[in-house]
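Please read the structure below before turning to the comments.
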Amino acid sequence: MISCKEKKDSRVVIQQKLTPLHKLKEQPMPGEWLAEHKETYQSFETYVNKKPTRLDGGRDKIYIMRIGTFSPTELQIVSKTAQYLWLFYGLQVKYVSVPENANFLKDSREREDTGIQLSASLILNDVLAPVLPGDAAVLIAFTTYDLYPRPDWNYVFGLASLKKRVGVWSINRFGCADNPKEFDQVFQRTIRTAS
């Protein structure tokens with residue numbers, strides 16, 4: 001049995017070992033997310049105290065759902081990202097189909113620069129959460145459509161719910177995967193969003 005004090009001590013040791021692996025964020029450049037949106041810092045201890053979702057009770061798989069039409073090159077990006085997720089998290093990765101009754105176009109809107117934009121919130125709550133497999137650590141959706149989180153926002157690269165264990169992200173703004181000169185950039189941006 002481990003006492004509460006021993007648990008806290010082990011967290012301190014973990015934090016001390018992880019800290020040198022990550023650089024502190026530099027001042028954001030104009031136009032970057034953090035320059036426009038003030039976010040509060042979350043310490044490792046605060047994160048642990050919030051009791052995040054854990055890989056227990058048989059939740060040992062990452063499920064991926066593809067929403068939209070993907071070119072062969074975009075499918076390569078998704079496939080390589082699935083391999084990356086398997087290596088990064090050490091969890092089996094499986095694909096699931098979009099449910100037949102899923103209306104992910106509900107609440108969509110049209111933009112001149114990116115075309116159809118889907119509601120990321122709707123995808124999380126109405127498409128992904130109802131079909132979350134019992135053995136899923138997470139169910140994530142990739143889409144080629146642009147996303148927005150709320151009507152008053154222009155766009156978002158992705159959105160997730162830690163408690164519901166679902167997430168969605170778009171490769172729409174990562175570059176043109178079909179252009180060989182941009183393929184690596186799109187892949188790098190995709191895996192950075194994934195982890």
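By convention here, the chains of the structure tokens are called A, B, ... in the order presented, each chain's residues are numbered starting at 1, and ligands are numbered starting at 1 in the order presented.
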Within 12 Å of Arg54 (chain A), counting only C-alpha atoms, which residues show up once you throw out same-chain ones fewer than 3 positions away? Write them as a VMD selection string, please. chain A and resid 48 50 to 51 57 to 60 136 to 138 162 to 165
Write a file of the selected residues as an mmCIF file, in the first residue's frame, keeping N, CA and C atoms.
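This went into again_4.cif:
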data_model
loop_
_atom_site.group_PDB
_atom_site.id
_atom_site.type_symbol
_atom_site.label_atom_id
_atom_site.label_comp_id
_atom_site.auth_asym_id
_atom_site.auth_seq_id
_atom_site.Cartn_x
_atom_site.Cartn_y
_atom_site.Cartn_z
ATOM 1 N N VAL A 48 -2.224 16.889 -11.957
ATOM 2 C CA VAL A 48 -2.399 15.621 -11.240
ATOM 3 C C VAL A 48 -3.540 15.723 -10.234
ATOM 4 N N LYS A 50 -6.199 17.361 -10.457
ATOM 5 C CA LYS A 50 -7.504 17.363 -11.129
ATOM 6 C C LYS A 50 -7.972 15.952 -11.474
ATOM 7 N N LYS A 51 -7.149 14.956 -11.134
ATOM 8 C CA LYS A 51 -7.475 13.548 -11.367
ATOM 9 C C LYS A 51 -7.863 13.304 -12.834
ATOM 10 N N GLY A 57 -9.065 0.098 -16.221
ATOM 11 C CA GLY A 57 -10.374 -0.479 -16.514
ATOM 12 C C GLY A 57 -10.513 -0.938 -17.956
ATOM 13 N N GLY A 58 -9.400 -1.346 -18.578
ATOM 14 C CA GLY A 58 -9.471 -1.845 -19.947
ATOM 15 C C GLY A 58 -9.455 -0.776 -21.022
ATOM 16 N N ARG A 59 -9.265 0.467 -20.651
ATOM 17 C CA ARG A 59 -9.195 1.552 -21.640
ATOM 18 C C ARG A 59 -7.774 1.581 -22.207
ATOM 19 N N ASP A 60 -7.556 0.801 -23.245
ATOM 20 C CA ASP A 60 -6.189 0.639 -23.727
ATOM 21 C C ASP A 60 -6.045 0.786 -25.241
ATOM 22 N N ALA A 136 -11.858 2.239 -25.136
ATOM 23 C CA ALA A 136 -11.120 3.370 -25.704
ATOM 24 C C ALA A 136 -10.468 4.218 -24.625
ATOM 25 N N ALA A 137 -9.179 4.473 -24.803
ATOM 26 C CA ALA A 137 -8.536 5.522 -24.021
ATOM 27 C C ALA A 137 -9.035 6.855 -24.561
ATOM 28 N N VAL A 138 -9.210 6.900 -25.885
ATOM 29 C CA VAL A 138 -9.687 8.106 -26.554
ATOM 30 C C VAL A 138 -10.233 7.734 -27.932
ATOM 31 N N LEU A 162 -11.238 16.138 -22.271
ATOM 32 C CA LEU A 162 -10.502 15.130 -21.506
ATOM 33 C C LEU A 162 -11.450 14.218 -20.746
ATOM 34 N N LYS A 163 -12.481 14.788 -20.171
ATOM 35 C CA LYS A 163 -13.428 13.986 -19.382
ATOM 36 C C LYS A 163 -14.205 13.004 -20.256
ATOM 37 N N LYS A 164 -14.607 13.453 -21.453
ATOM 38 C CA LYS A 164 -15.379 12.575 -22.347
ATOM 39 C C LYS A 164 -14.479 11.657 -23.175
ATOM 40 N N ARG A 165 -13.173 11.919 -23.183
ATOM 41 C CA ARG A 165 -12.183 11.115 -23.907
ATOM 42 C C ARG A 165 -12.401 11.140 -25.422
#
- Name all residues at most 9 Å from Ser71 (chain A) (count only C-alpha atoms; drop same-chain ones fewer than 5 positions away) and give them as an MDAnalysis selection string. chainID A and resid 76 177:178
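Using only C-alpha atoms, the nearest neighbour of Met65 (chain A) within the list A:Leu139, A:Ala194, A:Leu159, A:Ile77 is A:Leu139.
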Name the residues of region 62-177 of chain A that fall into helix (DSSP H, G or I) according to DSSP on the backbone, using the chain letters and numbers of this document, as a compact mmCIF listing (two decimals) with N, CA and C atoms, in the first residue's frame.
# COMPACT_ATOMS: atom_id res chain seq x y z
N PRO A 72 -5.42 10.38 -51.40
CA PRO A 72 -4.48 9.33 -51.02
C PRO A 72 -3.32 9.85 -50.16
N THR A 73 -2.84 11.04 -50.46
CA THR A 73 -1.74 11.62 -49.68
C THR A 73 -2.20 11.99 -48.28
N GLU A 74 -3.41 12.53 -48.15
CA GLU A 74 -3.95 12.86 -46.83
C GLU A 74 -4.17 11.59 -46.01
N LEU A 75 -4.57 10.50 -46.68
CA LEU A 75 -4.71 9.21 -45.98
C LEU A 75 -3.36 8.73 -45.47
N GLN A 76 -2.29 9.01 -46.21
CA GLN A 76 -0.94 8.68 -45.73
C GLN A 76 -0.63 9.45 -44.45
N ILE A 77 -1.01 10.71 -44.41
CA ILE A 77 -0.79 11.53 -43.21
C ILE A 77 -1.50 10.89 -42.02
N VAL A 78 -2.76 10.50 -42.20
CA VAL A 78 -3.52 9.88 -41.12
C VAL A 78 -2.88 8.57 -40.71
N SER A 79 -2.48 7.76 -41.68
CA SER A 79 -1.86 6.47 -41.38
C SER A 79 -0.54 6.64 -40.63
N LYS A 80 0.29 7.56 -41.09
CA LYS A 80 1.58 7.81 -40.41
C LYS A 80 1.34 8.38 -39.01
N THR A 81 0.30 9.19 -38.86
CA THR A 81 -0.02 9.73 -37.54
C THR A 81 -0.50 8.62 -36.61
N ALA A 82 -1.28 7.68 -37.14
CA ALA A 82 -1.72 6.53 -36.33
C ALA A 82 -0.51 5.73 -35.86
N GLN A 83 0.46 5.53 -36.74
CA GLN A 83 1.69 4.82 -36.34
C GLN A 83 2.43 5.60 -35.26
N TYR A 84 2.50 6.91 -35.43
CA TYR A 84 3.15 7.77 -34.44
C TYR A 84 2.45 7.66 -33.09
N LEU A 85 1.12 7.72 -33.09
CA LEU A 85 0.36 7.61 -31.83
C LEU A 85 0.63 6.28 -31.14
N TRP A 86 0.71 5.20 -31.92
CA TRP A 86 1.01 3.89 -31.36
C TRP A 86 2.39 3.90 -30.70
N LEU A 87 3.38 4.48 -31.39
CA LEU A 87 4.73 4.53 -30.83
C LEU A 87 4.82 5.48 -29.63
N PHE A 88 4.15 6.63 -29.72
CA PHE A 88 4.24 7.64 -28.67
C PHE A 88 3.54 7.19 -27.39
N TYR A 89 2.33 6.64 -27.54
CA TYR A 89 1.54 6.28 -26.36
C TYR A 89 1.63 4.80 -26.00
N ALA A 120 -16.77 21.94 -34.21
CA ALA A 120 -15.97 20.97 -33.45
C ALA A 120 -16.73 20.50 -32.21
N SER A 121 -17.49 21.39 -31.59
CA SER A 121 -18.27 21.03 -30.41
C SER A 121 -19.33 19.99 -30.75
N LEU A 122 -20.00 20.17 -31.88
CA LEU A 122 -21.01 19.21 -32.31
C LEU A 122 -20.37 17.84 -32.56
N ILE A 123 -19.21 17.82 -33.19
CA ILE A 123 -18.54 16.54 -33.46
C ILE A 123 -18.20 15.84 -32.15
N LEU A 124 -17.68 16.58 -31.17
CA LEU A 124 -17.35 15.97 -29.88
C LEU A 124 -18.57 15.38 -29.21
N ASN A 125 -19.61 16.19 -29.10
CA ASN A 125 -20.78 15.81 -28.29
C ASN A 125 -21.80 14.93 -29.00
N ASP A 126 -22.02 15.15 -30.30
CA ASP A 126 -23.09 14.44 -31.01
C ASP A 126 -22.60 13.30 -31.90
N VAL A 127 -21.34 13.34 -32.31
CA VAL A 127 -20.82 12.30 -33.20
C VAL A 127 -19.92 11.33 -32.43
N LEU A 128 -18.93 11.84 -31.71
CA LEU A 128 -17.94 10.98 -31.07
C LEU A 128 -18.39 10.41 -29.73
N ALA A 129 -18.83 11.26 -28.81
CA ALA A 129 -19.15 10.80 -27.45
C ALA A 129 -20.18 9.65 -27.43
N PRO A 130 -21.24 9.70 -28.24
CA PRO A 130 -22.23 8.60 -28.19
C PRO A 130 -21.69 7.24 -28.65
N VAL A 131 -20.61 7.22 -29.44
CA VAL A 131 -20.12 5.94 -29.97
C VAL A 131 -18.75 5.57 -29.39
- Query: Which residues in chain A does DSSP call strand (DSSP E or B)? List them as number ranges by chain.
  - Reply: A: 61-67, 92-96, 109-111, 115-119, 136-143, 146-148, 156, 158-161, 166-170
Can you write just those residues out, C-alpha atoms, as a compact mmCIF listing (two decimals), in the first residue's frame?
# COMPACT_ATOMS: atom_id res chain seq x y z
CA LYS A 61 -6.92 1.63 -27.33
CA ILE A 62 -6.84 4.77 -29.43
CA TYR A 63 -9.68 4.92 -31.95
CA ILE A 64 -9.54 7.10 -35.05
CA MET A 65 -12.53 8.23 -37.12
CA ARG A 66 -12.03 9.95 -40.47
CA ILE A 67 -14.60 12.63 -41.31
CA GLN A 92 -3.10 -0.12 -30.06
CA VAL A 93 -4.69 2.14 -32.69
CA LYS A 94 -7.90 1.14 -34.49
CA TYR A 95 -10.12 2.85 -37.02
CA VAL A 96 -13.88 3.26 -36.68
CA ARG A 109 -20.94 27.20 -42.10
CA GLU A 110 -19.20 28.35 -45.27
CA ARG A 111 -16.03 30.44 -45.41
CA GLY A 115 -14.83 26.25 -47.60
CA ILE A 116 -17.14 24.31 -45.30
CA GLN A 117 -16.40 24.68 -41.61
CA LEU A 118 -17.71 22.11 -39.14
CA SER A 119 -18.68 22.67 -35.53
CA ALA A 136 -11.12 3.37 -25.70
CA ALA A 137 -8.54 5.52 -24.02
CA VAL A 138 -9.69 8.11 -26.55
CA LEU A 139 -11.69 8.44 -29.76
CA ILE A 140 -10.30 11.08 -32.08
CA ALA A 141 -11.59 12.32 -35.40
CA PHE A 142 -9.42 13.61 -38.21
CA THR A 143 -11.07 15.80 -40.77
CA ASP A 146 -11.99 23.39 -41.32
CA LEU A 147 -13.30 23.59 -37.73
CA TYR A 148 -14.75 26.23 -35.42
CA VAL A 156 -9.66 26.16 -34.33
CA GLY A 158 -8.75 21.01 -32.93
CA LEU A 159 -10.83 20.57 -29.82
CA ALA A 160 -10.99 17.86 -27.17
CA SER A 161 -12.77 16.88 -24.00
CA VAL A 166 -12.95 12.49 -27.37
CA GLY A 167 -11.18 14.91 -29.67
CA VAL A 168 -11.25 16.22 -33.21
CA TRP A 169 -8.71 18.03 -35.32
CA SER A 170 -8.42 19.28 -38.83
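Atom to atom, CA of Val186 (chain A) and CA of Phe174 (chain A) stand 5.1 Å apart.
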Find the spatial neighbours of Ser43 (chain A), counting only C-alpha atoms, within a cut-off of 12 Å - ignore same-chain residues fewer than 6 positions away - and output them as a ChimeraX atom specification. /A:11-12,15,19,49-50
Residue subset to file, keeping C-alpha atoms, as a short mmCIF file (atom, residue, chain, number, x, y, z; two decimals), in the first residue's frame:
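Okay, this is what ended up in part.cif:
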data_model
loop_
_atom_site.label_atom_id
_atom_site.label_comp_id
_atom_site.auth_asym_id
_atom_site.auth_seq_id
_atom_site.Cartn_x
_atom_site.Cartn_y
_atom_site.Cartn_z
CA ARG A 11 5.00 13.07 -8.05
CA VAL A 12 7.74 15.49 -7.01
CA GLN A 15 8.19 16.39 -11.98
CA THR A 19 11.18 19.38 -16.14
CA ASN A 49 -4.70 17.04 -8.55
CA LYS A 50 -7.50 17.36 -11.13
#
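Nearest-residue note for Thr144 (chain A): choosing from A:Arg173, A:His37, A:Lys17, A:Arg192, the minimum distance belongs to A:Arg173, counting only C-alpha atoms.
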